[in-house]
file run12.txt (compact mmCIF, C-alpha atoms and all ligand atoms)
# COMPACT_ATOMS: atom_id res chain seq x y z
CA MET A 210 -8.53 10.80 -11.19
CA THR A 211 -8.10 10.73 -7.44
CA THR A 212 -4.73 11.85 -6.11
CA LYS A 213 -2.73 10.47 -3.21
CA LEU A 214 -3.23 13.74 -1.34
CA GLU A 215 -7.02 13.40 -1.63
CA ILE A 216 -6.84 9.88 -0.19
CA VAL A 217 -4.67 11.06 2.69
CA GLN A 218 -7.14 13.89 3.35
CA ARG A 219 -10.02 11.39 3.41
CA ILE A 220 -8.17 9.25 5.92
CA ILE A 221 -6.58 11.77 8.27
CA GLY A 222 -8.64 14.90 7.58
CA GLY A 223 -10.06 16.19 10.86
CA ARG A 224 -7.68 14.12 12.99
CA PRO A 225 -5.16 15.78 15.32
CA LYS A 226 -2.02 17.36 13.89
CA GLN A 227 -0.27 18.12 17.20
CA PRO A 228 2.79 15.90 17.09
CA LYS A 229 4.62 14.39 19.99
CA ASP A 230 8.43 14.50 20.02
CA LYS A 231 8.91 11.29 18.15
CA GLY A 232 6.75 8.67 16.46
CA HIS A 233 8.02 5.13 16.45
CA ALA A 234 7.00 1.85 14.80
CA PHE A 235 8.18 -1.51 13.53
CA ALA A 236 6.85 -3.31 10.45
CA PRO A 237 7.96 -6.69 9.16
CA THR A 238 9.13 -7.42 5.65
CA ASN A 239 6.75 -9.63 3.72
CA ILE A 240 7.34 -12.19 1.00
CA ALA A 241 4.50 -12.84 -1.44
CA LEU A 242 3.49 -16.47 -1.99
CA CYS A 243 1.01 -15.29 -4.63
CA LYS A 244 2.56 -12.27 -6.30
CA TYR A 245 1.33 -8.77 -7.05
CA TRP A 246 2.50 -7.80 -10.54
CA GLY A 247 0.63 -5.07 -12.41
CA LYS A 248 -1.20 -1.90 -11.40
CA ARG A 249 -4.62 -0.72 -12.44
CA ASP A 250 -3.71 2.73 -11.08
CA GLU A 251 -0.09 3.84 -10.86
CA GLU A 252 -0.71 6.98 -8.82
CA LEU A 253 -2.52 5.11 -6.04
CA ASN A 254 -0.68 1.77 -6.35
CA LEU A 255 -3.88 -0.12 -7.02
CA PRO A 256 -3.26 -3.69 -8.16
CA LEU A 257 -4.92 -5.61 -10.96
CA THR A 258 -5.11 -8.71 -8.80
CA SER A 259 -5.18 -9.70 -5.16
CA SER A 260 -2.05 -11.24 -3.61
CA LEU A 261 -1.01 -13.15 -0.50
CA SER A 262 2.15 -12.93 1.56
CA VAL A 263 3.78 -14.02 4.77
CA SER A 264 5.28 -11.43 7.08
CA LEU A 265 8.75 -12.20 8.39
CA GLY A 266 8.26 -11.85 12.14
CA SER A 267 10.97 -9.63 13.58
CA VAL A 268 12.81 -9.05 10.27
CA GLY A 269 11.78 -5.66 8.98
CA ALA A 270 12.13 -1.93 9.53
CA GLU A 271 12.24 -0.08 12.82
CA THR A 272 11.49 3.55 12.13
CA SER A 273 11.25 6.73 14.12
CA VAL A 274 10.10 10.06 12.77
CA SER A 275 10.13 13.57 14.21
CA LEU A 276 9.57 17.09 12.92
CA ARG A 277 12.27 19.58 12.05
CA TYR A 278 12.29 22.90 10.25
CA ASP A 279 15.26 23.06 7.91
CA LYS A 280 15.20 20.00 5.63
CA ASP A 281 14.05 16.39 5.47
CA THR A 282 16.72 13.96 6.60
CA PHE A 283 16.80 10.21 6.10
CA ASN A 284 19.06 8.03 8.13
CA VAL A 285 19.14 4.41 7.06
CA ASN A 286 21.11 1.97 9.20
CA GLY A 287 23.13 4.81 10.72
CA GLU A 288 23.98 6.53 7.45
CA GLU A 289 22.51 9.76 6.15
CA ILE A 290 21.27 9.18 2.60
CA PRO A 291 21.91 11.97 0.06
CA ALA A 292 18.90 14.21 -0.68
CA ALA A 293 19.41 13.66 -4.43
CA SER A 294 19.24 9.84 -4.21
CA ASP A 295 16.23 7.99 -5.64
CA MET A 296 15.29 6.76 -2.20
CA ALA A 297 15.36 10.23 -0.61
CA ILE A 298 13.31 11.69 -3.46
CA ARG A 299 10.72 8.92 -3.12
CA LEU A 300 10.51 9.38 0.66
CA THR A 301 10.28 13.18 0.36
CA ARG A 302 7.34 12.84 -2.06
CA TYR A 303 5.63 10.48 0.34
CA LEU A 304 6.18 12.82 3.29
CA ASP A 305 4.76 15.71 1.21
CA LEU A 306 1.39 14.01 1.75
CA PHE A 307 1.64 14.45 5.52
CA ARG A 308 3.17 17.88 6.21
CA PRO A 309 0.98 19.79 8.70
CA GLU A 310 2.30 23.08 7.20
CA PRO A 311 4.24 23.43 3.92
CA GLY A 312 7.53 24.38 5.64
CA VAL A 313 7.49 21.49 8.08
CA LYS A 314 10.17 18.85 7.48
CA PHE A 315 10.76 15.40 8.87
CA ALA A 316 13.70 13.48 10.28
CA VAL A 317 13.31 9.78 9.50
CA ASP A 318 15.54 7.21 11.12
CA THR A 319 15.28 3.60 9.98
CA LYS A 320 17.02 0.41 10.92
CA SER A 321 16.37 -2.10 8.18
CA GLY A 322 17.19 -5.76 8.63
CA VAL A 323 17.10 -6.46 4.90
CA PRO A 324 19.31 -5.33 1.99
CA ILE A 325 17.74 -2.27 0.38
CA ALA A 326 16.27 -2.68 -3.13
CA ALA A 327 17.57 -6.17 -3.76
CA GLY A 328 14.13 -7.70 -4.15
CA LEU A 329 13.96 -8.44 -0.45
CA ALA A 330 11.01 -6.17 0.15
CA SER A 331 12.85 -3.39 1.97
CA SER A 332 10.36 -0.84 0.61
CA ALA A 333 7.42 -2.89 1.92
CA SER A 334 8.60 -2.86 5.53
CA GLY A 335 10.01 0.67 5.09
CA PHE A 336 6.77 2.33 3.99
CA ALA A 337 4.63 0.30 6.40
CA ALA A 338 6.86 1.30 9.32
CA LEU A 339 6.85 4.94 8.16
CA ALA A 340 3.02 5.05 7.88
CA LEU A 341 2.72 3.50 11.36
CA ALA A 342 5.36 5.88 12.78
CA LEU A 343 3.50 8.92 11.35
CA ASN A 344 0.28 7.61 12.91
CA ASP A 345 2.13 7.44 16.21
CA LEU A 346 3.79 10.87 15.79
CA PHE A 347 0.51 12.68 15.12
CA HIS A 348 -1.75 10.61 17.46
CA TRP A 349 -4.14 9.87 14.59
CA GLN A 350 -5.14 6.53 16.12
CA LEU A 351 -5.92 5.03 12.73
CA ASN A 352 -7.09 1.46 12.48
CA ALA A 353 -5.08 -1.16 10.58
CA THR A 354 -7.20 -0.81 7.42
CA ALA A 355 -6.54 2.92 7.18
CA THR A 356 -2.83 2.42 7.89
CA SER A 357 -2.68 -0.30 5.25
CA ILE A 358 -4.07 2.15 2.68
CA LEU A 359 -1.54 4.82 3.71
CA ALA A 360 1.30 2.30 3.44
CA ARG A 361 0.05 1.28 -0.04
CA LEU A 362 0.44 4.89 -1.23
CA GLY A 363 4.19 4.51 -0.52
CA SER A 364 4.65 1.07 -2.06
CA GLY A 365 1.94 -1.39 -3.05
CA SER A 366 3.27 -4.41 -1.20
CA ALA A 367 3.78 -2.28 1.94
CA CYS A 368 0.04 -2.52 2.64
CA ARG A 369 0.59 -6.19 3.55
CA SER A 370 3.36 -5.39 6.05
CA ILE A 371 0.84 -3.92 8.51
CA TYR A 372 0.01 -7.42 9.77
CA PRO A 373 2.04 -10.39 10.96
CA GLY A 374 1.53 -13.92 9.62
CA PHE A 375 -0.24 -14.71 6.36
CA VAL A 376 -1.81 -11.62 4.82
CA GLU A 377 -4.06 -11.13 1.81
CA TRP A 378 -4.15 -7.86 -0.11
CA GLN A 379 -7.62 -7.58 -1.55
CA ALA A 380 -7.36 -5.83 -4.91
CA GLY A 381 -10.72 -4.02 -4.55
CA ARG A 382 -12.72 -2.30 -7.30
CA ASP A 383 -13.14 1.27 -6.08
CA PRO A 384 -11.34 3.70 -8.43
CA ALA A 385 -10.16 5.58 -5.33
CA GLY A 386 -8.90 2.33 -3.80
CA MET A 387 -10.71 2.67 -0.48
CA ASP A 388 -11.42 -1.09 -0.70
CA SER A 389 -7.85 -2.02 -1.67
CA PHE A 390 -6.06 -2.97 1.55
CA ALA A 391 -4.61 -5.93 3.39
CA VAL A 392 -6.48 -8.27 5.69
CA PRO A 393 -5.01 -10.99 7.89
CA PHE A 394 -5.40 -14.60 6.76
CA PRO A 395 -5.31 -15.90 10.30
CA HIS A 396 -3.93 -19.43 10.00
CA PRO A 397 -0.73 -19.59 12.04
CA TRP A 398 1.68 -22.28 10.91
CA PRO A 399 4.44 -22.52 13.55
CA GLU A 400 6.60 -24.93 11.52
CA PHE A 401 6.61 -22.68 8.43
CA ARG A 402 10.08 -21.38 7.48
CA ILE A 403 11.42 -18.88 4.97
CA GLY A 404 15.11 -18.88 4.05
CA LEU A 405 16.63 -15.74 2.57
CA LEU A 406 19.50 -16.29 0.17
CA VAL A 407 21.20 -13.02 -0.65
CA LEU A 408 22.96 -13.71 -3.95
CA ALA A 409 23.60 -10.09 -4.94
CA LYS A 410 23.31 -6.91 -2.92
CA GLY A 411 23.40 -4.40 -5.79
CA ARG A 412 20.41 -2.31 -6.71
CA LYS A 413 18.01 -3.85 -9.19
CA PRO A 414 18.19 -2.77 -12.84
CA MET A 415 14.56 -1.63 -13.09
CA GLY A 416 12.17 -0.54 -10.34
CA SER A 417 8.96 -2.49 -9.90
CA THR A 418 6.62 0.30 -11.10
CA ALA A 419 8.37 0.69 -14.46
CA ALA A 420 8.77 -3.07 -14.82
CA MET A 421 5.09 -3.71 -14.09
CA ARG A 422 4.05 -1.07 -16.61
CA HIS A 423 6.36 -2.46 -19.29
CA THR A 424 5.10 -6.00 -18.66
CA ARG A 425 1.47 -4.93 -18.87
CA GLU A 426 2.06 -2.96 -22.03
CA THR A 427 4.17 -5.42 -24.00
CA SER A 428 3.90 -8.98 -22.66
CA ARG A 429 1.37 -11.24 -24.36
CA LEU A 430 1.77 -13.77 -21.56
CA TYR A 431 0.56 -11.13 -19.14
CA THR A 432 -3.01 -11.55 -20.43
CA ALA A 433 -3.01 -14.97 -18.75
CA TRP A 434 -1.67 -13.60 -15.45
CA PRO A 435 -4.91 -12.47 -13.72
CA THR A 436 -6.51 -15.91 -14.20
CA ARG A 437 -3.32 -17.59 -13.07
CA VAL A 438 -3.35 -15.47 -9.89
CA GLU A 439 -7.00 -16.15 -9.19
CA GLU A 440 -6.40 -19.91 -9.34
CA ASP A 441 -3.12 -19.81 -7.42
CA LEU A 442 -4.54 -17.58 -4.69
CA ALA A 443 -7.46 -19.96 -4.09
CA THR A 444 -5.11 -22.97 -4.05
CA ILE A 445 -2.63 -21.29 -1.70
CA LYS A 446 -5.40 -20.33 0.74
CA THR A 447 -6.71 -23.90 0.78
CA ALA A 448 -3.19 -25.27 1.20
CA ILE A 449 -2.56 -22.96 4.18
CA GLN A 450 -5.89 -23.83 5.77
CA LYS A 451 -5.21 -27.55 5.43
CA GLN A 452 -1.48 -27.19 6.14
CA HIS A 453 -0.88 -29.06 2.88
CA PHE A 454 2.76 -28.05 2.48
CA ALA A 455 3.56 -29.63 -0.90
CA LEU A 456 0.54 -27.97 -2.49
CA LEU A 457 1.50 -24.62 -1.00
CA GLY A 458 5.14 -24.92 -2.07
CA GLN A 459 4.39 -26.04 -5.62
CA THR A 460 1.81 -23.33 -6.15
CA ALA A 461 3.89 -20.49 -4.66
CA GLU A 462 6.95 -21.55 -6.68
CA GLY A 463 4.92 -21.87 -9.88
CA ASN A 464 3.31 -18.49 -9.28
CA ALA A 465 6.70 -16.76 -8.91
CA LEU A 466 8.10 -18.40 -12.04
CA ALA A 467 4.94 -17.50 -13.97
CA MET A 468 5.40 -13.86 -12.93
CA HIS A 469 8.99 -13.92 -14.20
CA ALA A 470 7.80 -15.59 -17.42
CA THR A 471 5.44 -12.67 -18.08
CA MET A 472 8.40 -10.30 -17.64
CA MET A 473 10.63 -12.31 -19.96
CA ASP A 474 7.91 -12.13 -22.59
CA SER A 475 8.03 -8.31 -22.48
CA ARG A 476 9.66 -6.57 -25.45
CA PRO A 477 12.45 -5.85 -24.71
CA ALA A 478 12.54 -8.54 -22.03
CA ILE A 479 12.91 -7.87 -18.33
CA MET A 480 15.01 -10.41 -16.51
CA TYR A 481 15.86 -10.13 -12.82
CA PHE A 482 17.58 -13.52 -12.70
CA LEU A 483 21.37 -13.71 -12.51
CA PRO A 484 23.35 -16.88 -13.22
CA GLU A 485 23.39 -17.49 -9.42
CA THR A 486 19.59 -17.32 -9.38
CA ILE A 487 19.26 -20.03 -12.02
CA GLU A 488 21.94 -22.10 -10.35
CA THR A 489 20.04 -21.91 -7.03
CA ILE A 490 16.75 -22.84 -8.67
CA GLN A 491 18.41 -25.91 -10.20
CA ARG A 492 19.89 -26.87 -6.84
CA VAL A 493 16.49 -26.64 -5.17
CA TRP A 494 14.98 -28.83 -7.88
CA THR A 495 17.79 -31.37 -7.49
CA LEU A 496 17.21 -31.45 -3.73
CA ARG A 497 13.49 -32.00 -4.28
CA LYS A 498 14.29 -34.97 -6.54
CA THR A 499 16.14 -36.52 -3.62
CA GLY A 500 12.99 -36.17 -1.53
CA LEU A 501 13.71 -32.95 0.38
CA GLU A 502 10.60 -30.80 0.46
CA VAL A 503 11.93 -27.33 -0.24
CA TYR A 504 10.41 -24.78 -2.61
CA LEU A 505 11.40 -21.31 -3.73
CA THR A 506 10.13 -17.92 -4.68
CA VAL A 507 11.84 -14.94 -6.36
CA ASP A 508 10.71 -11.29 -6.41
CA ALA A 509 11.84 -8.33 -8.51
CA GLY A 510 15.52 -9.05 -7.97
CA PRO A 511 18.04 -11.87 -8.26
CA ASN A 512 17.70 -13.23 -4.71
CA VAL A 513 15.95 -16.48 -3.91
CA LYS A 514 13.74 -17.22 -0.90
CA LEU A 515 13.34 -20.83 0.16
CA ILE A 516 10.15 -22.22 1.65
CA PHE A 517 10.31 -25.28 3.91
CA LEU A 518 9.12 -26.71 7.22
CA ALA A 519 11.02 -26.72 10.53
CA ASP A 520 11.93 -30.42 10.46
CA LYS A 521 13.91 -29.87 7.22
CA THR A 522 15.99 -27.01 8.62
CA GLU A 523 19.24 -28.93 9.08
CA GLN A 524 19.11 -30.56 5.64
CA VAL A 525 18.34 -27.24 3.95
CA ARG A 526 21.11 -25.49 5.88
CA GLU A 527 23.61 -28.16 4.81
CA SER A 528 22.95 -27.28 1.18
CA PHE A 529 22.74 -23.53 1.75
CA PRO A 530 25.10 -22.59 4.62
CA ASN A 531 24.56 -18.84 4.13
CA LEU A 532 20.81 -19.04 4.45
CA GLN A 533 19.13 -16.57 6.80
CA ILE A 534 16.31 -18.65 8.27
CA ILE A 535 13.17 -16.99 9.51
CA ALA A 536 10.36 -18.50 11.56
CA PRO A 537 7.48 -16.13 10.75
CA PHE A 538 5.13 -17.49 13.41
CA LYS A 539 7.51 -17.57 16.38
O1 LIG A 601 5.30 -3.06 -3.89
P1 LIG A 601 6.35 -3.10 -4.95
O2 LIG A 601 6.21 -1.98 -5.91
O3 LIG A 601 7.73 -3.17 -4.33
O4 LIG A 601 6.14 -4.43 -5.80
C1 LIG A 601 6.36 -5.71 -5.27
C2 LIG A 601 6.37 -6.74 -6.33
C3 LIG A 601 6.82 -8.14 -5.94
O5 LIG A 601 7.67 -8.11 -4.81
C4 LIG A 601 7.60 -8.74 -7.10
C5 LIG A 601 5.63 -9.05 -5.67
C6 LIG A 601 4.91 -8.89 -4.36
O6 LIG A 601 3.72 -9.20 -4.33
O7 LIG A 601 5.53 -8.51 -3.35
call {"tool": "encode", "arguments": {"input": "run12.txt", "output": "structure tokens", "more": "lines below"}}
Ligand code: PMV
result
Amino acid sequence: MTTKLEIVQRIIGGRPKQPKDKGHAFAPTNIALCKYWGKRDEELNLPLTSSLSVSLGSVGAETSVSLRYDKDTFNVNGEEIPAASDMAIRLTRYLDLFRPEPGVKFAVDTKSGVPIAAGLASSASGFAALALALNDLFHWQLNATATSILARLGSGSACRSIYPGFVEWQAGRDPAGMDSFAVPFPHPWPEFRIGLLVLAKGRKPMGSTAAMRHTRETSRLYTAWPTRVEEDLATIKTAIQKQHFALLGQTAEGNALAMHATMMDSRPAIMYFLPETIETIQRVWTLRKTGLEVYLTVDAGPNVKLIFLADKTEQVRESFPNLQIIAPFK
């Protein structure tokens, strides 16, 4: 089995290690329209299927990183996070892959525009920005493919946050995952809108790695998931290319609900939905019945993301006044 450290060595081995004072980078959050759910390799975050997302323009993580010699420190939105917290432990393990000498520590400073661990992809933008900031700090001058692989080692979906716009994560077949990275799906759609509805800010009950494993191991419905993804991915790509919005919306919404169905079929069941989630889904469906073209997607949390086009903005906002509206292609 290949380890993360071996992959990092393959990618940055032989490149400079002389840091500058500070590395800096921004990476957008991304929302999957065709979801990634299930790993073929947990150590390397290799997916069973490909997936496709849209990056959220200027909503994401702005990260700087520098070296220090006493301890790792993590400052998120102006607050130092405790070393014993899950997030600090996860970040420390990730940074272990990049220490030029064993005693070298890092100071990481992140401004995140999205609620942490509420299924709004804070880890995707966080690890992508960190991988890019390390590349900047050490002058590695890696290309986007290499950075996408490094970001994937932090969090699978982070590999898609390396690019703006629509992005496909190609699952790949290599056991070491050197062919598992994101590529742009370059079809800008200026009218495309995503609305973020934060229904609950608390941390999610089960992290995505454990939830994916449990789904794979116990859900019978999961056996149908890879075929479902293959079909949905092809349909979504066609819909984007043709700017066929209804087809895109229906397929992305169906794909998200199918993912949640596989989780609910796990024993014991995993359910990220809260009453507010269901209520929002029903409201979106009621709006659609009245002719308003708005669709939804939900990730590993209770929050709902709406998908619509620019000319529907006012109508959608009337129904959801607290919506944070993002124009990914502006
Ligand atoms: O990359 P992770 O481990 O945060 O998993 C992301 C899983 C989903 O957000 C539910 C789907 C996706 O493709 O982003």
call {"tool": "residues_near_ligand", "arguments": {"input": "run12.txt", "ligand": "ligand LIG 601 (chain A)", "cutoff": "10 Å", "atoms": "all atoms listed in the file", "output": "compact mmCIF listing (two decimals) with C-alpha atoms, keeping the file's coordinate frame"}}
result
# COMPACT_ATOMS: atom_id res chain seq x y z
CA THR A 238 9.13 -7.42 5.65
CA ASN A 239 6.75 -9.63 3.72
CA ILE A 240 7.34 -12.19 1.00
CA ALA A 241 4.50 -12.84 -1.44
CA LEU A 242 3.49 -16.47 -1.99
CA CYS A 243 1.01 -15.29 -4.63
CA LYS A 244 2.56 -12.27 -6.30
CA TYR A 245 1.33 -8.77 -7.05
CA TRP A 246 2.50 -7.80 -10.54
CA GLY A 247 0.63 -5.07 -12.41
CA LYS A 248 -1.20 -1.90 -11.40
CA GLU A 251 -0.09 3.84 -10.86
CA ASN A 254 -0.68 1.77 -6.35
CA PRO A 256 -3.26 -3.69 -8.16
CA THR A 258 -5.11 -8.71 -8.80
CA SER A 259 -5.18 -9.70 -5.16
CA SER A 260 -2.05 -11.24 -3.61
CA LEU A 261 -1.01 -13.15 -0.50
CA SER A 262 2.15 -12.93 1.56
CA VAL A 263 3.78 -14.02 4.77
CA ALA A 326 16.27 -2.68 -3.13
CA GLY A 328 14.13 -7.70 -4.15
CA LEU A 329 13.96 -8.44 -0.45
CA ALA A 330 11.01 -6.17 0.15
CA SER A 331 12.85 -3.39 1.97
CA SER A 332 10.36 -0.84 0.61
CA ALA A 333 7.42 -2.89 1.92
CA SER A 334 8.60 -2.86 5.53
CA PHE A 336 6.77 2.33 3.99
CA ALA A 360 1.30 2.30 3.44
CA ARG A 361 0.05 1.28 -0.04
CA LEU A 362 0.44 4.89 -1.23
CA GLY A 363 4.19 4.51 -0.52
CA SER A 364 4.65 1.07 -2.06
CA GLY A 365 1.94 -1.39 -3.05
CA SER A 366 3.27 -4.41 -1.20
CA ALA A 367 3.78 -2.28 1.94
CA CYS A 368 0.04 -2.52 2.64
CA ARG A 369 0.59 -6.19 3.55
CA TRP A 378 -4.15 -7.86 -0.11
CA GLY A 416 12.17 -0.54 -10.34
CA SER A 417 8.96 -2.49 -9.90
CA THR A 418 6.62 0.30 -11.10
CA ALA A 419 8.37 0.69 -14.46
CA ALA A 420 8.77 -3.07 -14.82
CA MET A 421 5.09 -3.71 -14.09
CA ALA A 465 6.70 -16.76 -8.91
CA MET A 468 5.40 -13.86 -12.93
CA HIS A 469 8.99 -13.92 -14.20
CA THR A 506 10.13 -17.92 -4.68
CA VAL A 507 11.84 -14.94 -6.36
CA ASP A 508 10.71 -11.29 -6.41
CA ALA A 509 11.84 -8.33 -8.51
CA GLY A 510 15.52 -9.05 -7.97
call {"tool": "residues_around", "arguments": {"input": "run12.txt", "residues": "A:Phe529", "least_positions_apart": "2", "cutoff": "10 Å", "atoms": "all atoms listed in the file", "output": "number ranges by chain"}}
result
A: 404-406, 489, 492-493, 515, 523-527, 531-533
call {"tool": "closest_residue", "arguments": {"input": "run12.txt", "among": "A:Leu351, A:Leu496, A:Leu483, A:Ala461", "to": "A:Lys413", "atoms": "all atoms listed in the file"}}
result
A:Leu483
call {"tool": "atom_distance", "arguments": {"input": "run12.txt", "atom1": "atom CA of A:Met472", "atom2": "atom CA of A:Ile490"}}
result
17.5 Å
call {"tool": "atom_distance", "arguments": {"input": "run12.txt", "atom1": "atom CA of A:Leu253", "atom2": "atom CA of A:Pro384"}}
result
9.2 Å
call {"tool": "closest_residue", "arguments": {"input": "run12.txt", "among": "A:Gly374, A:Pro435, A:Gly223, A:Gly386", "to": "A:Leu359", "atoms": "all atoms listed in the file"}}
result
A:Gly386
call {"tool": "atom_distance", "arguments": {"input": "run12.txt", "atom1": "atom CA of A:Ile403", "atom2": "atom CA of A:Leu265"}}
result
8.0 Å
call {"tool": "closest_residue", "arguments": {"input": "run12.txt", "among": "A:Pro237, A:Thr319, A:Gly381, A:Arg429", "to": "A:Ala470", "atoms": "only C-alpha atoms"}}
result
A:Arg429
call {"tool": "closest_residue", "arguments": {"input": "run12.txt", "among": "A:Ala519, A:Ala340, A:Met210, A:Ala467", "to": "A:Leu304", "atoms": "all atoms listed in the file"}}
result
A:Ala340
call {"tool": "residues_around", "arguments": {"input": "run12.txt", "residues": "A:Val392", "least_positions_apart": "6", "cutoff": "8 Å", "atoms": "only C-alpha atoms", "output": "mmCIF file with C-alpha atoms, keeping the file's coordinate frame"}}
result
data_model
loop_
_atom_site.group_PDB
_atom_site.id
_atom_site.type_symbol
_atom_site.label_atom_id
_atom_site.label_comp_id
_atom_site.auth_asym_id
_atom_site.auth_seq_id
_atom_site.Cartn_x
_atom_site.Cartn_y
_atom_site.Cartn_z
ATOM 1 C CA THR A 354 -7.200 -0.810 7.420
ATOM 2 C CA ARG A 369 0.590 -6.190 3.550
ATOM 3 C CA TYR A 372 0.010 -7.420 9.770
ATOM 4 C CA VAL A 376 -1.810 -11.620 4.820
ATOM 5 C CA GLU A 377 -4.060 -11.130 1.810
ATOM 6 C CA TRP A 378 -4.150 -7.860 -0.110
ATOM 7 C CA GLN A 379 -7.620 -7.580 -1.550
#
call {"tool": "closest_residue", "arguments": {"input": "run12.txt", "among": "A:Trp398, A:Asn464, A:Gln459, A:Leu501", "to": "A:Ala433", "atoms": "all atoms listed in the file"}}
result
A:Asn464
call {"tool": "closest_residue", "arguments": {"input": "run12.txt", "among": "A:Pro414, A:Pro537, A:Gly287, A:Gly269", "to": "A:Pro373", "atoms": "all atoms listed in the file"}}
result
A:Pro537
call {"tool": "axis_aligned_box", "arguments": {"input": "run12.txt", "around": "stretch 330-339 of chain A", "padding_each_side": "8 Å", "output": "AutoDock Vina command-line options"}}
result
--center_x 8.7 --center_y -0.6 --center_z 4.7 --size_x 24.2 --size_y 27.1 --size_z 25.2
call {"tool": "residues_around", "arguments": {"input": "run12.txt", "residues": "stretch 484-486 of chain A", "least_positions_apart": "5", "cutoff": "8 Å", "atoms": "all atoms listed in the file", "output": "VMD selection string"}}
result
chain A and resid 408 511 to 513
call {"tool": "residues_around", "arguments": {"input": "run12.txt", "residues": "A:Arg476", "least_positions_apart": "4", "cutoff": "9 Å", "atoms": "all atoms listed in the file", "output": "list in words"}}
result
His423, Thr424, Thr427, Ser428 and Met472 of chain A
call {"tool": "residues_near_point", "arguments": {"input": "run12.txt", "point": "(16.7, -13.0, 12.1)", "cutoff": "8 Å", "atoms": "only C-alpha atoms", "output": "list in words"}}
result
Ser267, Val268, Gln533, Ile534 and Ile535 of chain A
call {"tool": "write_last_selection", "arguments": {"input": "run12.txt", "atoms": "C-alpha atoms", "output": "compact mmCIF listing (two decimals), in the frame of the given file"}}
result
# COMPACT_ATOMS: atom_id res chain seq x y z
CA SER A 267 10.97 -9.63 13.58
CA VAL A 268 12.81 -9.05 10.27
CA GLN A 533 19.13 -16.57 6.80
CA ILE A 534 16.31 -18.65 8.27
CA ILE A 535 13.17 -16.99 9.51
call {"tool": "residues_around", "arguments": {"input": "run12.txt", "residues": "A:Gly458", "least_positions_apart": "5", "cutoff": "10 Å", "atoms": "all atoms listed in the file", "output": "PyMOL selection string"}}
result
chain A and resi 242+445+448+453+463-464+502-506+515-517
